[in-house]
Every structure is written in C-alpha cells, then in structure tokens.
Amino acid sequence: MADKSELFQKAMSAGHSAAWDQLWSRAAASYRAALTEIPDHPKALSSLGLALYQMQDFNEALRIYQRLAKISPSDPIPFEKIAQLSERMGDLKEAVASATKAADLYLSQKDVNKAIENWSRVTQLNPENILAHSRLALVHERLGHKERAVTEYIALASLMQRSGKTNKANGFVAQALKIMPGNQAAQQAQALLSSGQLLPKPIRPKGGTGPLRMAQVKKLNEPKKEISSNFNPVAEARKKAMTVLAEILFEYSGEGDEQKVRKGLQAIMHGTSQLSLKKLEQTKVIMHLGQAIDAQSKNQHELAADELGHALLAGFEHPALYFDLGMLLSEGGRYESAMRHLQHAVSHVDFGLAARLLMGENLKHLGRIPEAATEYLEALKIADVMLVPEEQADSLRQLYEPLIETQSREEDEKVHLRLCKNVSEMLMRSDWREYLVEARKELPKSDGEMLLPLAEILIQAQSSQVLGLMARVHELARSGRMRSAMDEAFEAITYAPTYLPLHSLIGDLLIQEDRKEEAIAKFNVVAQAYSIRGEAHQATVFLRKMIRLAPMDLSSRTKLIDQLTARGQIDEAIREYLNLAEIYYRLAELDMARKTYTTALRAAQQGNAEHSWNVHILQRMADIDMQRLDWKRAIRVFEQIRTLSPENSDARMSLIDLNFKLAKKPQALNELDNYLRYAKDHSSDENDSIALLEELINTHYSIPQLHGALAELYLRSGKNDEAIKSFDLAAELFLEANNKEDAIQTITKLLSMNPPNADEYHQVLAQIQAG
C-alpha cells in the first residue's frame, strides 16, 4: 500500500499536469486530494490558491491564502496574495494590512523591489498611510531614487502638518530639500509651511481608484439586515450593472500601471464584441465611470446619469452602462432618452428582464399603452422561462408568441392597462421568483410534458385557432403526410403571419422533405426577425440550426457570434470564433484563420471570459506562425504564453529553440535560465527539465551552455556519471569556441565532483591557464 508521501506526490503531479492544460477545476481537485494526505503542506496550499484564483473563486482562494499565511508566517507571498484578493473584493482594510505585512517580509528577505511594490499598493488604497509613505521615502532615498523620495517626504510633511505636528513637517521638507535642493515642489512646500498654509493632501497614484469603486459598490449592494436579501428584477439588474462597471474600472484603472491600462483598453477598443471603446479617450472614460459610481453610491442619480452619458460620449459602450443610464433616466422622468439606452440592454441575459419592465413603465408614461403591454408581456416571458427546466425553455418561449401577437391586436386600452398592472404586480416584488412558482401551480395541466405560459392567467388566449392548426400540422407530419402538413401550415400563417414559431415549423417540414437550402433560407428569416425584436437567444437557436445544416456557412457562424456577444455569452462566442477559425484553417486560408484567432483573443481578454481561453488561442496562433515559418511573430506569441502560463514547458521549449534558430543566443539562454529557476521553485521533479534540455541538445548540440545546464541538473538528481560527461562536453565546446574563461569554470566544477580521471582534468586546466 502506498504511503502518504507517495500519494501526496502523485496528487500534486496530477494537479500540476491539469494546471499546465489550464484545467483549473481538475487541478484544484488534485491539490485538495494532496492536502488530504499531508494537510497544511505549503506548496499544495499555494497551488490550490492559484487554481481557485484562476477559477475566479476569489472567496475560497482568499481563505486558502489566509490558511497558508498562518502556516508560513515568514513567507511574504501569501500575504501579498491576500492583499491582492482583498483589494479585488473591495475589502480595503484587509488589503492595506496584508500589503504592509508582505512589504515588511520582502524587505527582511532583501527583496526591495517587491517591498516597494507592496508599499505602493498601500498608498494607492490609502494615500494617508503614514507608515507606507515613511518606508517608501527611506527606501527610495537609499536607492538614489531622488524624485520619488522627495515626493514621499512631501506627502509625510502634509500628513504631519494636518495632525498638528508642524516641527516634523518642517523636518520632512528639509530632508526633501537636502536630497534635491532645487526641487520646485519641495520649495513650494517650504513656502507654504512658512506662511502657515496647508500643504495639499497626498494624492492617490494615477489609476489607483478601481478598488475604491469596488468597495463603494460592495457597500452599496449590502442589504440592510432587516430587509430580505432578494430584490425585484430592476434592483437586481441595478446591482449587477454597478458591480460590472466597478469591475471594469477595477480591471483598467486598479493596477496603477498606466501602460498596461492603455494597452488593455486599446485591445478592447479594436474588438467587435460587447465592450468597446471607439475613441482614444481612455482617461476620460475612467474618470467619468469613477465619478458616476461615486455619485450613484451617494444617491446623486442625476449627476450619475450625466457622468455615464459623458462616458458614453467618450466612446465607452457596454450593456451595463446602457442599462444603468436608462434606469437613472427613467427615474428622472426622461422617458424618451431612457428608451434609447434601454434598447441596447434588452438582449443581454443579465439586463433583459429589467430593461423590458422599465421600457413598459416608460411607454405607459408616454401614453403608448399597447406598446407598454407588449413590453410587459416580453418581460413576463423572460421571467417565466428563467424558472423552468432548460430543456423546456425554448418550447415555452414559442408559446408566448401567439399570446403577444393577439395582445398587440387588442383595441381596448383598458385591457392593455390591466395587463400592465398585473404583470407589474407579479414581477416588481422581492419574492417574484417564489410568486411565479406558486402562480404556475394554478395553471391547468396540459397534455404531455408541455408547459403552459404564465400569461394564460392574465390573457384569455384568442390564439387557440393558431395553436390548434399547429397541432394539426404536427399530427400530419408524424403520419408522413408532408404535403398536407405544409398546406395546413400555410393556412395557419393567414391567421398569424408574424408568428415566428409557425415559420420555424415550416422550416422543419422543409428539412423532412430534404429541401435544405429552402429550410436554411426560412431559418435565416426567422433568426433575423428574432434579432430585430431583441430576442437574441431565439436568434441563436435558429442560427445554430442553420450551421448544423451547413457547417461551412461562414455568414451564419459570424451572425451567431454577434448574437452570443450581444447576450454577454462570451465563452460561447469564443467557441464559435474557434470553430470559424478551424474552418478557415481547413480551407488553407491561414491569414483568415489567424485573424479570427486574434479576434477571439480580444474577446477572451474582456475579463468575464474563462482565463484558460487566452493560452489555448495563443497556442493555435503560434501553430499557424510556425507553419508559415514566421518565427519572429511566433516568438512574440510564445512570450505571451510564457507570461500567462509560466509552467508551460512546450511554450518555453519553443521559445528557446526559436531564439537559437534566429541567432539570438543571449535571449535563448536567458529564457532557459528563467525556466529552470521556475521549475526548481515549483516542482520537486527534475525529470521534466532534464527531458527539455536533452531535446534542445539534440537540435543545438554545439551550444556548450546547454550541456553545462544539463550537467547541473544531473548533479542535483544524483546522476554523477551523466553530470561528469555533460560537464566534459561543455568544457570541450567552450574550448572549441575559444571561450577559455567558461571552460575553466566548467572544468573546476567537474573537478569538485572528484572524477576518476581527475589528473587529466588538472593537466588540461593547467594548460589552459598557462596559455
């Protein structure tokens, strides 16, 4: 029976393997299995924390790193991770405390750069943190970073002055002038102190407002204790929109790295999906989003609406912004303007229900009562479908079609108003889900497993004739009487020409008659109609039908991607991008395939897609570059993979190999050294690194550094004979290249191993040194 250490190592290896493949859920399961064998093992906990972070399970990842911090209190990494996660989740107090702890631990390990990074994080989150400013001032002064040191000393002077410690404030300004006597900011600070005026407060570093917005939204979304945790649909969507906008602000302004911000926003700007910046005004967008969240958190809704409008004018477009702006304009009585913005949100899965409800209410205020009733019925359809099993959702949607069409023909305004009132009472309540579930129990039982729409409670359906004809069509089709079924279907259309499920049924009949091209044309019309009506989900259903009938139809697949993106289903859209790229690849259109992969990558980088897509897509792009022998471009792609997935040995191997092939030997050796260091720190098994080096040597045998690195690995693995042979080969190749210095170092290492023929090596060493 295997002992605990063996089972532990097996589970860890399985976890690392899954992590390399970006299968984070499987990796997490393996790391948990390892922890059952050796609880509280630091490496297992660290690996599990990373896996959970990649799965975006931030709460659990935080708990794991907190556990690791207790086990390894002298290790700065878990504290740094706790700070990052707490910042990400809006817990600024914990983020400040953990970042401070991490900085102190890094400093004790002589890692000054990491200490500075964490103290800087503290000042981003809390610009008035005296401890962080004082540590940064001292460190920057000792490192010769004069301007940074002066900035920190002036910040300290301001904080001391405001706490009534004027003498200390003067001392800090004097120190700043001692470091840089002619510094204008320090001279101004001295003048202000001398005249008794207040120094400006320390400002937050540029781009450091994202986590604060997240904290405000977190606080805003916390329900009062005495109120149910549920919300009505509009309040739910408001909460979601605020969170999404804060997350976007966090992603693109919370890092404090201006270059990274610009690069990230530009990547999105060039994309075609839901999040796009059409103009190069990132700074304005970040500013207006931040001010909008501030205003909304203080219930200053008119100001918040104005700021969101400015963000939109600056080129920022997102369903969350459109919904939030439409909602605020609705509350302010600006109904026409609100309608224009809400129209952009009705297709999104998170905002469609609330947008329909608000549009119905706005249309009522505008006196457009029949249209309002239609919007309320659309809202009820969305809510009803949300609460039934997925396999019954599509059929239930279709049953709403004749009801909505019948209602639209109603001429009695009182009937429309009664419907609006009834739907509003059903949905605009905190327990609307429970209420709808109970209401469904009051519906009469239908034949078979088909569900009846909840709208039956509110409407006496005059569409029964159409439904009866459709049942007749199905009966005729099942009996094989296809021509009669088609005739019956066309007769039904005379009663309900815009009833799309009927057109869909005709398409199904055409397929059964093997008239695929006509069926595709019919489904295309239906998909376009659903899309125009804002029914993105139904549009995707019919586009998928078209693709199943004609897998190589590029136009249908492109339309499907657009619909999925409109619904916020980014992962599904990316899958379709990859399918489209694969079609181009099979057609040998490599340029179009790579272009499609690039578009998919931009979509994947939007924040709400699975992180594993990035590496997968980049690998496919690299494959194309390698096939086209575009090695320089391939290197850039492999560098991105290495950054995103440092444990990816295949990408590392390709990166090293290509640099050698392009005669970039220093870069290749640097990549090799970085990978070997990473592997040593993150894996107890040297065999993977040995295998990588052996493969590189097969291709680049004449490079002595490869033999030397392999010898070092052999030595660490206890394979002394192999190590001696590799050191010998490295020394010989160094001599052939007339690199005497490295040859001497290699032979010296070899002699430290006491080889059998040490005398010969001593003799060779003496000859080299003498020559």
# chains A, B, ... in the order shown; residues from 1 in each chain; ligands from 1
call {"tool": "select_by_dssp", "arguments": {"residues": "segment 375-544 of chain A", "states": "alpha helix (DSSP H)", "output": "MDAnalysis selection string"}}
result
chainID A and resid 375:386 390:409 413:427 432:441 464:478 482:495 500:512 516:532 536:544
call {"tool": "residues_around", "arguments": {"residues": "segment 171-173 of chain A", "least_positions_apart": "6", "cutoff": "8 Å", "atoms": "only C-alpha atoms", "output": "MDAnalysis selection string"}}
result
chainID A and resid 153:154 156:157 186 189:190
call {"tool": "closest_residue", "arguments": {"among": "A:Leu377, A:Ala18, A:Ala99, A:Met428", "to": "Lys114 of chain A", "atoms": "only C-alpha atoms"}}
result
A:Ala99
call {"tool": "residues_around", "arguments": {"residues": "segment 755-771 of chain A", "least_positions_apart": "6", "cutoff": "7 Å", "atoms": "only C-alpha atoms", "output": "PyMOL selection string"}}
result
chain A and resi 740+744+747
call {"tool": "residues_around", "arguments": {"residues": "Ala737 of chain A", "least_positions_apart": "4", "cutoff": "12 Å", "atoms": "only C-alpha atoms", "output": "ChimeraX atom specification"}}
result
/A:702-705,730-733,741-743
call {"tool": "write_last_selection", "arguments": {"atoms": "C-alpha atoms", "output": "JSON list (two decimals), in the first residue's frame"}}
result
[["chain", "number", "residue", "atom", "x", "y", "z"],
["A", 702, "SER", "CA", 27.16, 22.72, -30.35],
["A", 703, "ILE", "CA", 25.96, 25.13, -27.67],
["A", 704, "PRO", "CA", 28.07, 24.45, -24.56],
["A", 705, "GLN", "CA", 25.75, 26.23, -22.11],
["A", 730, "ALA", "CA", 30.56, 21.61, -22.22],
["A", 731, "ALA", "CA", 34.24, 22.28, -21.46],
["A", 732, "GLU", "CA", 35.27, 20.86, -24.83],
["A", 733, "LEU", "CA", 32.76, 23.01, -26.70],
["A", 741, "GLU", "CA", 37.04, 31.60, -19.06],
["A", 742, "ASP", "CA", 33.87, 29.46, -19.19],
["A", 743, "ALA", "CA", 35.94, 26.38, -19.98]]
call {"tool": "residues_around", "arguments": {"residues": "Glu686 of chain A", "least_positions_apart": "4", "cutoff": "8 Å", "atoms": "only C-alpha atoms", "output": "PDB file with N, CA, C and O atoms, in the first residue's frame"}}
result
ATOM      1  N   ALA A 679      11.143  26.113 -12.683  1.00  0.00           N
ATOM      2  CA  ALA A 679      10.895  24.683 -12.449  1.00  0.00           C
ATOM      3  C   ALA A 679      11.467  24.241 -11.105  1.00  0.00           C
ATOM      4  O   ALA A 679      10.855  23.442 -10.386  1.00  0.00           O
ATOM      5  N   LYS A 680      12.619  24.762 -10.754  1.00  0.00           N
ATOM      6  CA  LYS A 680      13.239  24.390  -9.474  1.00  0.00           C
ATOM      7  C   LYS A 680      12.373  24.841  -8.302  1.00  0.00           C
ATOM      8  O   LYS A 680      12.226  24.119  -7.306  1.00  0.00           O
ATOM      9  N   ILE A 690      15.159  17.986 -17.286  1.00  0.00           N
ATOM     10  CA  ILE A 690      16.199  17.175 -17.948  1.00  0.00           C
ATOM     11  C   ILE A 690      15.753  16.808 -19.352  1.00  0.00           C
ATOM     12  O   ILE A 690      16.528  16.914 -20.319  1.00  0.00           O
ATOM     13  N   LEU A 713      21.733  19.794 -13.697  1.00  0.00           N
ATOM     14  CA  LEU A 713      20.519  19.047 -13.345  1.00  0.00           C
ATOM     15  C   LEU A 713      20.835  17.611 -12.977  1.00  0.00           C
ATOM     16  O   LEU A 713      20.277  17.055 -12.027  1.00  0.00           O
ATOM     17  N   SER A 717      20.230  15.703  -9.389  1.00  0.00           N
ATOM     18  CA  SER A 717      19.425  14.473  -9.359  1.00  0.00           C
ATOM     19  C   SER A 717      20.223  13.256  -8.897  1.00  0.00           C
ATOM     20  O   SER A 717      19.705  12.144  -8.884  1.00  0.00           O
TER      21      SER A 717
END
call {"tool": "residues_around", "arguments": {"residues": "Gln512 of chain A", "least_positions_apart": "6", "cutoff": "10 Å", "atoms": "only C-alpha atoms", "output": "PDB file with N, CA, C and O atoms, in the first residue's frame"}}
result
ATOM      1  N   ALA A 477     -47.603  15.604 -40.054  1.00  0.00           N
ATOM      2  CA  ALA A 477     -46.189  15.315 -40.313  1.00  0.00           C
ATOM      3  C   ALA A 477     -45.798  13.970 -39.729  1.00  0.00           C
ATOM      4  O   ALA A 477     -45.047  13.200 -40.352  1.00  0.00           O
ATOM      5  N   GLY A 480     -46.619  11.152 -41.883  1.00  0.00           N
ATOM      6  CA  GLY A 480     -45.938  11.111 -43.171  1.00  0.00           C
ATOM      7  C   GLY A 480     -46.640  11.873 -44.274  1.00  0.00           C
ATOM      8  O   GLY A 480     -46.217  11.816 -45.431  1.00  0.00           O
ATOM      9  N   MET A 482     -46.695  14.840 -45.651  1.00  0.00           N
ATOM     10  CA  MET A 482     -45.936  16.085 -45.608  1.00  0.00           C
ATOM     11  C   MET A 482     -46.592  17.211 -46.401  1.00  0.00           C
ATOM     12  O   MET A 482     -46.607  18.364 -45.976  1.00  0.00           O
ATOM     13  N   ILE A 506     -42.513  25.431 -40.463  1.00  0.00           N
ATOM     14  CA  ILE A 506     -42.395  25.240 -41.917  1.00  0.00           C
ATOM     15  C   ILE A 506     -40.960  24.865 -42.287  1.00  0.00           C
ATOM     16  O   ILE A 506     -40.730  23.989 -43.137  1.00  0.00           O
ATOM     17  N   ALA A 519     -34.950  25.413 -46.369  1.00  0.00           N
ATOM     18  CA  ALA A 519     -35.059  25.426 -44.907  1.00  0.00           C
ATOM     19  C   ALA A 519     -34.094  26.445 -44.307  1.00  0.00           C
ATOM     20  O   ALA A 519     -34.459  27.197 -43.385  1.00  0.00           O
TER      21      ALA A 519
END
call {"tool": "residues_around", "arguments": {"residues": "segment 352-366 of chain A", "least_positions_apart": "2", "cutoff": "10 Å", "atoms": "only C-alpha atoms", "output": "PyMOL selection string"}}
result
chain A and resi 232-238+319+322-324+326-327+330-331+333-336+338-350+368-383+386+416-417+420-421+423-424+427-428+534-535+567
call {"tool": "closest_residue", "arguments": {"among": "A:Asn113, A:Asp657, A:Ile724, A:Arg652", "to": "Ser689 of chain A", "atoms": "only C-alpha atoms"}}
result
A:Arg652
call {"tool": "closest_residue", "arguments": {"among": "A:Glu141, A:Glu152, A:Asp650, A:Asp591", "to": "Gln627 of chain A", "atoms": "only C-alpha atoms"}}
result
A:Asp591
call {"tool": "closest_residue", "arguments": {"among": "A:Ala320, A:Leu50, A:Ala292, A:Ala492", "to": "Val244 of chain A", "atoms": "only C-alpha atoms"}}
result
A:Ala320
